[in-house]
>>> print(open('coords_19.cif').read())   # mmCIF, C-alpha atoms and all ligand atoms
data_query
loop_
_atom_site.group_PDB
_atom_site.id
_atom_site.type_symbol
_atom_site.label_atom_id
_atom_site.label_comp_id
_atom_site.auth_asym_id
_atom_site.auth_seq_id
_atom_site.Cartn_x
_atom_site.Cartn_y
_atom_site.Cartn_z
ATOM 1 C CA MET C 1 60.190 60.084 -17.342
ATOM 2 C CA SER C 2 60.575 61.533 -13.830
ATOM 3 C CA SER C 3 62.160 59.316 -11.210
ATOM 4 C CA LEU C 4 58.820 59.346 -9.332
ATOM 5 C CA ALA C 5 56.960 58.080 -12.406
ATOM 6 C CA ALA C 6 59.634 55.436 -12.987
ATOM 7 C CA ALA C 7 59.305 54.261 -9.388
ATOM 8 C CA GLU C 8 55.505 54.225 -9.764
ATOM 9 C CA GLU C 9 55.820 52.078 -12.906
ATOM 10 C CA LEU C 10 58.135 49.680 -11.129
ATOM 11 C CA THR C 11 55.725 49.170 -8.230
ATOM 12 C CA GLN C 12 52.887 48.535 -10.707
ATOM 13 C CA GLN C 13 54.805 45.780 -12.478
ATOM 14 C CA GLU C 14 53.558 42.258 -11.823
ATOM 15 C CA PRO C 15 55.648 40.458 -9.184
ATOM 16 C CA ALA C 16 57.912 37.835 -10.819
ATOM 17 C CA LYS C 17 56.131 34.460 -11.000
ATOM 18 C CA VAL C 18 57.353 31.975 -8.401
ATOM 19 C CA ILE C 19 58.251 28.775 -10.271
ATOM 20 C CA GLN C 20 59.615 26.735 -7.375
ATOM 21 C CA PRO C 21 58.236 27.460 -3.886
ATOM 22 C CA ALA C 22 60.796 27.784 -1.072
ATOM 23 C CA TRP C 23 59.838 24.453 0.564
ATOM 24 C CA VAL C 24 60.426 22.566 -2.696
ATOM 25 C CA ARG C 25 63.845 24.183 -3.135
ATOM 26 C CA ALA C 26 64.881 23.535 0.482
ATOM 27 C CA MET C 27 63.921 19.864 0.252
ATOM 28 C CA HIS C 28 65.435 19.453 -3.211
ATOM 29 C CA TRP C 29 68.884 20.645 -2.090
ATOM 30 C CA THR C 30 68.737 18.741 1.223
ATOM 31 C CA ASN C 31 67.875 15.654 -0.789
ATOM 32 C CA ALA C 32 70.738 16.312 -3.235
ATOM 33 C CA VAL C 33 73.255 16.459 -0.348
ATOM 34 C CA ALA C 34 71.836 13.322 1.334
ATOM 35 C CA MET C 35 71.799 11.373 -1.953
ATOM 36 C CA ILE C 36 75.402 12.273 -2.799
ATOM 37 C CA LEU C 37 76.548 11.185 0.697
ATOM 38 C CA MET C 38 74.581 7.932 0.355
ATOM 39 C CA ILE C 39 75.947 7.212 -3.131
ATOM 40 C CA MET C 40 79.608 7.893 -2.236
ATOM 41 C CA SER C 41 79.467 5.950 1.039
ATOM 42 C CA GLY C 42 77.517 3.179 -0.748
ATOM 43 C CA TRP C 43 80.345 2.836 -3.275
ATOM 44 C CA GLN C 44 82.832 2.365 -0.426
ATOM 45 C CA ILE C 45 80.574 -0.296 1.137
ATOM 46 C CA TYR C 46 80.327 -1.996 -2.276
ATOM 47 C CA ASN C 47 84.142 -2.011 -2.636
ATOM 48 C CA ALA C 48 84.482 -4.065 0.575
ATOM 49 C CA SER C 49 82.580 -6.938 -1.081
ATOM 50 C CA PRO C 50 81.826 -6.178 -4.754
ATOM 51 C CA LEU C 51 78.648 -7.635 -6.253
ATOM 52 C CA PHE C 52 80.126 -7.404 -9.752
ATOM 53 C CA GLY C 53 83.601 -7.677 -11.261
ATOM 54 C CA PHE C 54 84.616 -4.063 -10.655
ATOM 55 C CA THR C 55 85.199 -1.604 -7.811
ATOM 56 C CA PHE C 56 84.742 2.179 -7.582
ATOM 57 C CA PRO C 57 87.859 4.417 -7.548
ATOM 58 C CA ARG C 58 88.735 5.252 -3.932
ATOM 59 C CA SER C 59 88.840 8.987 -4.775
ATOM 60 C CA ILE C 60 85.074 9.097 -5.389
ATOM 61 C CA THR C 61 84.084 7.099 -2.302
ATOM 62 C CA LEU C 62 83.335 8.315 1.213
ATOM 63 C CA GLY C 63 84.295 6.877 4.593
ATOM 64 C CA GLY C 64 87.825 5.563 3.966
ATOM 65 C CA TRP C 65 86.966 1.963 4.898
ATOM 66 C CA LEU C 66 83.911 -0.254 5.393
ATOM 67 C CA GLY C 67 83.202 0.842 8.994
ATOM 68 C CA GLY C 68 83.579 4.549 8.198
ATOM 69 C CA ALA C 69 81.395 4.224 5.095
ATOM 70 C CA LEU C 70 78.638 2.458 7.036
ATOM 71 C CA LEU C 71 78.646 5.300 9.603
ATOM 72 C CA TRP C 72 78.261 7.865 6.809
ATOM 73 C CA HIS C 73 75.583 5.739 5.110
ATOM 74 C CA PHE C 74 73.459 5.459 8.247
ATOM 75 C CA ALA C 75 73.946 9.126 9.245
ATOM 76 C CA ALA C 76 72.847 10.391 5.801
ATOM 77 C CA MET C 77 70.007 7.849 5.882
ATOM 78 C CA TRP C 78 68.221 9.873 8.600
ATOM 79 C CA LEU C 79 68.564 13.082 6.588
ATOM 80 C CA LEU C 80 67.225 11.344 3.475
ATOM 81 C CA MET C 81 64.363 9.571 5.257
ATOM 82 C CA VAL C 82 63.132 12.560 7.308
ATOM 83 C CA ASN C 83 63.451 14.986 4.380
ATOM 84 C CA GLY C 84 61.976 12.442 1.962
ATOM 85 C CA LEU C 85 58.980 11.700 4.187
ATOM 86 C CA ILE C 86 58.192 15.408 4.685
ATOM 87 C CA TYR C 87 58.577 15.924 0.915
ATOM 88 C CA LEU C 88 56.188 13.060 0.087
ATOM 89 C CA ILE C 89 53.586 14.122 2.677
ATOM 90 C CA THR C 90 53.732 17.785 1.577
ATOM 91 C CA GLY C 91 53.664 16.823 -2.113
ATOM 92 C CA PHE C 92 50.489 14.776 -1.674
ATOM 93 C CA ALA C 93 48.810 17.076 0.896
ATOM 94 C CA THR C 94 49.241 20.263 -1.171
ATOM 95 C CA GLY C 95 48.204 18.506 -4.394
ATOM 96 C CA ARG C 96 51.542 19.518 -5.950
ATOM 97 C CA PHE C 97 52.319 15.983 -7.191
ATOM 98 C CA ARG C 98 48.886 15.718 -8.853
ATOM 99 C CA ARG C 99 49.117 19.190 -10.420
ATOM 100 C CA LYS C 100 52.709 18.959 -11.616
ATOM 101 C CA LEU C 101 53.234 15.271 -12.410
ATOM 102 C CA LEU C 102 49.857 14.063 -13.684
ATOM 103 C CA PRO C 103 48.602 13.012 -16.149
ATOM 104 C CA ILE C 104 51.393 11.041 -17.821
ATOM 105 C CA THR C 105 50.136 9.670 -21.150
ATOM 106 C CA PRO C 106 52.133 7.394 -23.504
ATOM 107 C CA THR C 107 51.254 9.597 -26.525
ATOM 108 C CA GLY C 108 52.386 12.708 -24.618
ATOM 109 C CA VAL C 109 55.686 11.038 -23.691
ATOM 110 C CA VAL C 110 56.329 9.806 -27.273
ATOM 111 C CA SER C 111 55.600 13.211 -28.820
ATOM 112 C CA ASP C 112 57.786 15.046 -26.261
ATOM 113 C CA VAL C 113 60.653 12.567 -26.760
ATOM 114 C CA LYS C 114 60.425 13.241 -30.537
ATOM 115 C CA ALA C 115 60.365 17.008 -29.907
ATOM 116 C CA ALA C 116 63.372 16.735 -27.562
ATOM 117 C CA LEU C 117 65.386 14.693 -30.078
ATOM 118 C CA THR C 118 64.756 17.302 -32.779
ATOM 119 C CA PHE C 119 65.477 20.215 -30.361
ATOM 120 C CA ARG C 120 61.881 21.488 -30.633
ATOM 121 C CA LEU C 121 60.894 20.965 -26.979
ATOM 122 C CA ALA C 122 59.683 24.312 -25.569
ATOM 123 C CA HIS C 123 61.082 25.608 -22.257
ATOM 124 C CA ASP C 124 59.113 28.909 -22.188
ATOM 125 C CA ASP C 125 56.916 28.112 -19.207
ATOM 126 C CA LEU C 126 59.153 26.493 -16.581
ATOM 127 C CA SER C 127 56.253 26.135 -14.146
ATOM 128 C CA LYS C 128 54.829 23.364 -16.391
ATOM 129 C CA TYR C 129 56.721 20.104 -16.814
ATOM 130 C CA ASN C 130 56.709 18.351 -20.201
ATOM 131 C CA TYR C 131 55.759 14.667 -20.373
ATOM 132 C CA VAL C 132 59.367 13.444 -20.342
ATOM 133 C CA GLN C 133 60.038 15.481 -17.206
ATOM 134 C CA LYS C 134 56.823 14.228 -15.573
ATOM 135 C CA LEU C 135 57.778 10.615 -16.301
ATOM 136 C CA LEU C 136 61.367 11.027 -15.088
ATOM 137 C CA TYR C 137 60.414 12.927 -11.919
ATOM 138 C CA ALA C 138 57.612 10.499 -10.991
ATOM 139 C CA GLY C 139 59.981 7.607 -11.809
ATOM 140 C CA ILE C 140 62.830 8.915 -9.669
ATOM 141 C CA ILE C 141 60.482 9.463 -6.703
ATOM 142 C CA ALA C 142 59.415 5.801 -7.047
ATOM 143 C CA VAL C 143 63.079 4.672 -7.292
ATOM 144 C CA GLY C 144 63.835 6.787 -4.182
ATOM 145 C CA ILE C 145 61.135 4.917 -2.260
ATOM 146 C CA VAL C 146 62.390 1.501 -3.471
ATOM 147 C CA ILE C 147 66.043 2.238 -2.604
ATOM 148 C CA VAL C 148 65.034 3.216 0.950
ATOM 149 C CA LEU C 149 62.860 0.094 1.356
ATOM 150 C CA SER C 150 65.529 -2.238 -0.108
ATOM 151 C CA GLY C 151 68.155 -0.505 2.081
ATOM 152 C CA LEU C 152 66.011 -1.128 5.182
ATOM 153 C CA SER C 153 65.530 -4.758 4.184
ATOM 154 C CA ILE C 154 69.292 -5.427 3.864
ATOM 155 C CA TRP C 155 70.042 -3.449 7.026
ATOM 156 C CA LYS C 156 67.517 -5.266 9.238
ATOM 157 C CA PRO C 157 66.790 -8.567 7.444
ATOM 158 C CA VAL C 158 65.742 -10.261 10.711
ATOM 159 C CA GLN C 159 63.573 -7.533 12.283
ATOM 160 C CA LEU C 160 62.067 -6.571 8.887
ATOM 161 C CA GLN C 161 61.967 -10.073 7.395
ATOM 162 C CA TRP C 162 58.519 -9.467 5.856
ATOM 163 C CA LEU C 163 60.054 -6.577 3.872
ATOM 164 C CA THR C 164 63.114 -8.625 2.853
ATOM 165 C CA ALA C 165 60.735 -11.419 1.786
ATOM 166 C CA LEU C 166 58.733 -8.915 -0.305
ATOM 167 C CA PHE C 167 61.901 -8.254 -2.314
ATOM 168 C CA GLY C 168 62.373 -11.996 -2.811
ATOM 169 C CA GLY C 169 65.047 -12.422 -0.129
ATOM 170 C CA TYR C 170 68.259 -10.747 1.039
ATOM 171 C CA ASP C 171 70.285 -11.339 -2.159
ATOM 172 C CA THR C 172 67.614 -9.938 -4.485
ATOM 173 C CA ALA C 173 67.092 -6.920 -2.191
ATOM 174 C CA HIS C 174 70.854 -6.316 -2.391
ATOM 175 C CA TYR C 175 70.771 -6.328 -6.225
ATOM 176 C CA VAL C 176 67.641 -4.124 -6.222
ATOM 177 C CA HIS C 177 69.465 -1.665 -3.925
ATOM 178 C CA PHE C 178 72.415 -1.516 -6.338
ATOM 179 C CA ILE C 179 70.243 -1.177 -9.473
ATOM 180 C CA CYS C 180 68.278 1.687 -7.855
ATOM 181 C CA MET C 181 71.588 3.435 -7.085
ATOM 182 C CA ALA C 182 72.676 3.021 -10.731
ATOM 183 C CA SER C 183 69.313 4.475 -11.934
ATOM 184 C CA ILE C 184 69.673 7.441 -9.556
ATOM 185 C CA VAL C 185 73.214 8.120 -10.796
ATOM 186 C CA ALA C 186 72.024 7.918 -14.452
ATOM 187 C CA PHE C 187 69.139 10.283 -13.610
ATOM 188 C CA LEU C 188 71.534 12.713 -11.877
ATOM 189 C CA VAL C 189 73.852 12.853 -14.905
ATOM 190 C CA VAL C 190 70.959 13.731 -17.275
ATOM 191 C CA HIS C 191 69.284 16.033 -14.712
ATOM 192 C CA VAL C 192 72.433 18.074 -14.051
ATOM 193 C CA ALA C 193 73.321 18.242 -17.776
ATOM 194 C CA LEU C 194 69.825 19.532 -18.658
ATOM 195 C CA ALA C 195 69.829 22.039 -15.771
ATOM 196 C CA LEU C 196 73.103 23.444 -17.129
ATOM 197 C CA LEU C 197 71.729 23.533 -20.692
ATOM 198 C CA VAL C 198 68.569 25.407 -19.580
ATOM 199 C CA PRO C 199 70.032 27.908 -17.059
ATOM 200 C CA LYS C 200 66.551 29.399 -16.349
ATOM 201 C CA SER C 201 65.552 26.115 -14.706
ATOM 202 C CA LEU C 202 68.652 26.067 -12.478
ATOM 203 C CA ARG C 203 67.963 29.678 -11.473
ATOM 204 C CA ALA C 204 64.366 28.729 -10.558
ATOM 205 C CA MET C 205 65.705 25.936 -8.324
ATOM 206 C CA ILE C 206 68.124 28.353 -6.618
ATOM 207 C CA ILE C 207 66.119 31.554 -6.212
ATOM 208 C CA GLY C 208 62.617 30.326 -7.028
ATOM 209 C CA ARG C 209 61.840 32.488 -10.100
HETATM 210 C C1 LIG O 1 67.106 4.309 4.183
HETATM 211 C C2 LIG O 1 67.949 4.241 3.244
HETATM 212 C C3 LIG O 1 69.061 3.229 3.123
HETATM 213 C C4 LIG O 1 69.470 2.214 3.933
HETATM 214 C C5 LIG O 1 68.860 1.776 5.250
HETATM 215 C C6 LIG O 1 70.605 1.582 3.320
HETATM 216 C C7 LIG O 1 71.299 0.514 3.823
HETATM 217 C C8 LIG O 1 72.365 -0.096 3.213
HETATM 218 C C9 LIG O 1 73.104 -1.219 3.755
HETATM 219 C C10 LIG O 1 72.806 -1.929 5.063
HETATM 220 C C11 LIG O 1 74.075 -1.524 2.879
HETATM 221 C C12 LIG O 1 75.141 -2.601 3.032
HETATM 222 C C13 LIG O 1 74.788 -3.817 2.261
HETATM 223 C C14 LIG O 1 75.845 -4.882 2.440
HETATM 224 O O1 LIG O 1 75.825 -5.522 3.471
HETATM 225 O O2 LIG O 1 76.658 -5.034 1.548
HETATM 226 C C15 LIG O 1 73.972 -0.608 1.777
HETATM 227 C C16 LIG O 1 74.776 -0.616 0.668
HETATM 228 C C17 LIG O 1 74.703 0.308 -0.352
HETATM 229 N N1 LIG O 1 73.850 1.381 -0.435
HETATM 230 FE FE1 LIG O 1 72.375 1.797 0.845
HETATM 231 N N2 LIG O 1 70.865 2.241 2.149
HETATM 232 C C18 LIG O 1 69.948 3.249 1.999
HETATM 233 C C19 LIG O 1 69.854 4.162 0.973
HETATM 234 C C20 LIG O 1 70.752 4.249 -0.070
HETATM 235 C C21 LIG O 1 70.749 5.270 -1.088
HETATM 236 C C22 LIG O 1 69.748 6.414 -1.158
HETATM 237 C C23 LIG O 1 71.770 4.991 -1.938
HETATM 238 C C24 LIG O 1 72.207 5.725 -3.169
HETATM 239 C C25 LIG O 1 71.485 6.570 -3.828
HETATM 240 C C26 LIG O 1 72.431 3.802 -1.464
HETATM 241 C C27 LIG O 1 73.491 3.204 -2.066
HETATM 242 C C28 LIG O 1 74.111 2.054 -1.614
HETATM 243 C C29 LIG O 1 75.155 1.352 -2.325
HETATM 244 C C30 LIG O 1 75.760 1.744 -3.682
HETATM 245 C C31 LIG O 1 75.519 0.260 -1.528
HETATM 246 C C32 LIG O 1 76.556 -0.795 -1.854
HETATM 247 C C33 LIG O 1 75.804 -1.950 -2.476
HETATM 248 C C34 LIG O 1 76.594 -3.197 -2.535
HETATM 249 O O3 LIG O 1 77.237 -3.573 -1.558
HETATM 250 O O4 LIG O 1 76.510 -3.829 -3.560
HETATM 251 N N3 LIG O 1 71.772 3.384 -0.321
HETATM 252 N N4 LIG O 1 72.917 0.263 2.012
#
>>> encode(input="coords_19.cif", output="structure tokens")
Amino acid sequence: MSSLAAAEELTQQEPAKVIQPAWVRAMHWTNAVAMILMIMSGWQIYNASPLFGFTFPRSITLGGWLGGALLWHFAAMWLLMVNGLIYLITGFATGRFRRKLLPITPTGVVSDVKAALTFRLAHDDLSKYNYVQKLLYAGIIAVGIVIVLSGLSIWKPVQLQWLTALFGGYDTAHYVHFICMASIVAFLVVHVALALLVPKSLRAMIIGR
């Protein structure tokens, strides 16, 4: 084949399908950075007055001491809240959440869990989420909203007392905040492990296709 014909063939090839649009990738990675800063500084805050009978190793915390950790926590909070709000508004306005995350049916989830456990879950079309992914992604968005609201209610329990009351008071909001963090960390462990096991999905999140 002449080089001209080869070039012609190349230009006639279908452009590679975009799996993750640029705005989703930008917000995803901004969110990942903000979450990691919030988690590590949160662990340092926790260590100053532990809710449970353990503390987090100093090497995986951020801020050095309570005051430093609070500064990190509140700085990353703005990144998380602004990015998160734009992500939610764009997700609803473009219909992406509806298209990608709905419907979530119990039978779909059960059959995909079975398929995953027997290594028969297909990953051919990365632009479509399976039911387990839909449930986990919708769930983690909800947890993200609750951790921000519970965080606001323990930060400003006087100014936002209606919000603190909605959580059942300051102490409950504090436990809710911690449990949300633990769910996010558990999600992150599974999410990162699966992204490494299915490298095509990681590639789509980095370069979009
Ligand atoms: C708008 C968002 C947030 C606000 C306003 C906020 C606020 C706060 C405040 C005021 C505390 C100190 C509570 C205390 O007095 O002990 C705290 C603790 C903490 N935060 Fe956040 N937070 C937010 C988001 C997050 C996120 C996204 C994470 C992790 C994913 C997180 C993880 C933690 C942890 C682990 C603690 C320590 C909990 C404890 O003392 O038991 N926070 N947060």
>>> resolve_selection(input="coords_19.cif", expression="the PyMOL selection byres (((chain C and resi 62) around 7) and not hetatm)", output="list in words")
Met40, Ser41, Gln44, Ile60, Thr61, Gly63, Gly64 and Ala69 of chain C
>>> resolve_selection(input="coords_19.cif", expression="the PyMOL selection byres (((not hetatm)) within 6 of (chain O and resi 1))", output="PyMOL selection string")
chain C and resi 35+38-39+42-43+45-46+50-51+77+147-148+151-152+154-155+178+181
>>> resolve_selection(input="coords_19.cif", expression="the PyMOL selection byres (((chain C and resi 205) around 9) and not hetatm)", output="PDB file with C-alpha atoms, in the frame of the given file")
ATOM      1  CA  ILE C  19      58.251  28.775 -10.271  1.00  0.00           C
ATOM      2  CA  GLN C  20      59.615  26.735  -7.375  1.00  0.00           C
ATOM      3  CA  PRO C  21      58.236  27.460  -3.886  1.00  0.00           C
ATOM      4  CA  ALA C  22      60.796  27.784  -1.072  1.00  0.00           C
ATOM      5  CA  VAL C  24      60.426  22.566  -2.696  1.00  0.00           C
ATOM      6  CA  ARG C  25      63.845  24.183  -3.135  1.00  0.00           C
ATOM      7  CA  HIS C  28      65.435  19.453  -3.211  1.00  0.00           C
ATOM      8  CA  TRP C  29      68.884  20.645  -2.090  1.00  0.00           C
ATOM      9  CA  LYS C 200      66.551  29.399 -16.349  1.00  0.00           C
ATOM     10  CA  SER C 201      65.552  26.115 -14.706  1.00  0.00           C
ATOM     11  CA  LEU C 202      68.652  26.067 -12.478  1.00  0.00           C
ATOM     12  CA  ARG C 203      67.963  29.678 -11.473  1.00  0.00           C
ATOM     13  CA  ALA C 204      64.366  28.729 -10.558  1.00  0.00           C
ATOM     14  CA  ILE C 206      68.124  28.353  -6.618  1.00  0.00           C
ATOM     15  CA  ILE C 207      66.119  31.554  -6.212  1.00  0.00           C
ATOM     16  CA  GLY C 208      62.617  30.326  -7.028  1.00  0.00           C
ATOM     17  CA  ARG C 209      61.840  32.488 -10.100  1.00  0.00           C
TER      18      ARG C 209
END
>>> closest_residue(input="coords_19.cif", among="C:Leu160, C:Leu194, C:Leu102, C:Met27", to="C:Leu88", atoms="all atoms listed in the file")
C:Met27
>>> atom_distance(input="coords_19.cif", atom1="atom CA of C:Ala165", atom2="atom CA of C:Phe56")
29.1 Å
>>> closest_residue(input="coords_19.cif", among="C:Leu188, C:Asp125, C:Ser49, C:Tyr87", to="C:Ile140", atoms="all atoms listed in the file")
C:Leu188
>>> atom_distance(input="coords_19.cif", atom1="atom CA of C:Asp171", atom2="atom CA of C:Ser150")
10.5 Å
>>> atom_distance(input="coords_19.cif", atom1="atom CA of C:Trp23", atom2="atom CA of C:Leu79")
15.5 Å
>>> closest_residue(input="coords_19.cif", among="C:Val132, C:Ala173, C:Val198, C:Trp65", to="C:Asn47", atoms="all atoms listed in the file")
C:Trp65
>>> closest_residue(input="coords_19.cif", among="C:Leu166, C:Val18, C:Ile184, C:Ile36", to="C:Leu80", atoms="only C-alpha atoms")
C:Ile36
>>> closest_residue(input="coords_19.cif", among="C:Ala115, C:Leu71, C:Leu136, C:Ala32", to="C:Val190", atoms="all atoms listed in the file")
C:Leu136
>>> closest_residue(input="coords_19.cif", among="C:Asn31, C:Phe52, C:Cys180, C:Ala93", to="C:Gly139", atoms="only C-alpha atoms")
C:Cys180
>>> build_atoms(input="coords_19.cif", residues="stretch 72-81 of chain C", atoms="all heavy atoms", output="compact mmCIF listing (two decimals), in the frame of the given file")
# COMPACT_ATOMS: atom_id res chain seq x y z
N TRP C 72 78.77 6.80 7.69
CA TRP C 72 78.26 7.86 6.81
C TRP C 72 76.90 7.48 6.22
O TRP C 72 75.98 8.29 6.15
CB TRP C 72 79.24 8.12 5.65
CG TRP C 72 80.32 9.09 5.98
CD1 TRP C 72 81.62 8.80 6.28
CD2 TRP C 72 80.20 10.52 6.05
NE1 TRP C 72 82.32 9.96 6.52
CE2 TRP C 72 81.48 11.03 6.38
CE3 TRP C 72 79.16 11.42 5.86
CZ2 TRP C 72 81.74 12.39 6.53
CZ3 TRP C 72 79.40 12.78 6.00
CH2 TRP C 72 80.67 13.25 6.34
N HIS C 73 76.81 6.20 5.77
CA HIS C 73 75.58 5.74 5.11
C HIS C 73 74.39 5.86 6.06
O HIS C 73 73.33 6.36 5.69
CB HIS C 73 75.78 4.29 4.68
CG HIS C 73 75.03 3.90 3.43
ND1 HIS C 73 75.28 4.45 2.20
CD2 HIS C 73 74.02 3.00 3.22
CE1 HIS C 73 74.48 3.91 1.30
NE2 HIS C 73 73.69 3.04 1.90
N PHE C 74 74.58 5.44 7.31
CA PHE C 74 73.46 5.46 8.25
C PHE C 74 73.18 6.87 8.77
O PHE C 74 72.05 7.19 9.11
CB PHE C 74 73.68 4.46 9.39
CG PHE C 74 73.69 3.04 8.89
CD1 PHE C 74 74.67 2.14 9.26
CD2 PHE C 74 72.70 2.60 8.01
CE1 PHE C 74 74.68 0.84 8.77
CE2 PHE C 74 72.71 1.30 7.50
CZ PHE C 74 73.70 0.42 7.89
N ALA C 75 74.20 7.74 8.82
CA ALA C 75 73.95 9.13 9.24
C ALA C 75 73.13 9.84 8.17
O ALA C 75 72.10 10.47 8.45
CB ALA C 75 75.27 9.84 9.49
N ALA C 76 73.56 9.71 6.90
CA ALA C 76 72.85 10.39 5.80
C ALA C 76 71.46 9.80 5.61
O ALA C 76 70.54 10.46 5.14
CB ALA C 76 73.66 10.28 4.52
N MET C 77 71.31 8.51 6.00
CA MET C 77 70.01 7.85 5.88
C MET C 77 68.91 8.63 6.62
O MET C 77 67.81 8.81 6.11
CB MET C 77 70.13 6.43 6.48
CG MET C 77 68.82 5.73 6.67
SD MET C 77 69.06 4.23 7.63
CE MET C 77 68.93 4.85 9.30
N TRP C 78 69.25 9.14 7.82
CA TRP C 78 68.22 9.87 8.60
C TRP C 78 67.83 11.15 7.88
O TRP C 78 66.64 11.51 7.81
CB TRP C 78 68.73 10.18 10.02
CG TRP C 78 68.86 8.92 10.81
CD1 TRP C 78 70.01 8.32 11.22
CD2 TRP C 78 67.79 8.08 11.25
NE1 TRP C 78 69.73 7.15 11.88
CE2 TRP C 78 68.38 6.97 11.93
CE3 TRP C 78 66.41 8.12 11.15
CZ2 TRP C 78 67.63 5.94 12.49
CZ3 TRP C 78 65.65 7.10 11.70
CH2 TRP C 78 66.26 6.03 12.36
N LEU C 79 68.84 11.85 7.33
CA LEU C 79 68.56 13.08 6.59
C LEU C 79 67.65 12.77 5.40
O LEU C 79 66.64 13.45 5.18
CB LEU C 79 69.91 13.65 6.10
CG LEU C 79 69.90 15.03 5.46
CD1 LEU C 79 69.42 16.06 6.46
CD2 LEU C 79 71.32 15.40 4.98
N LEU C 80 68.00 11.72 4.67
CA LEU C 80 67.22 11.34 3.48
C LEU C 80 65.81 10.91 3.85
O LEU C 80 64.83 11.32 3.22
CB LEU C 80 67.94 10.20 2.74
CG LEU C 80 67.27 9.77 1.43
CD1 LEU C 80 67.61 10.76 0.33
CD2 LEU C 80 67.70 8.38 1.02
N MET C 81 65.68 10.10 4.91
CA MET C 81 64.36 9.57 5.26
C MET C 81 63.45 10.66 5.81
O MET C 81 62.29 10.75 5.43
CB MET C 81 64.50 8.43 6.27
CG MET C 81 65.00 7.17 5.62
SD MET C 81 64.29 5.68 6.32
CE MET C 81 64.86 5.72 7.97
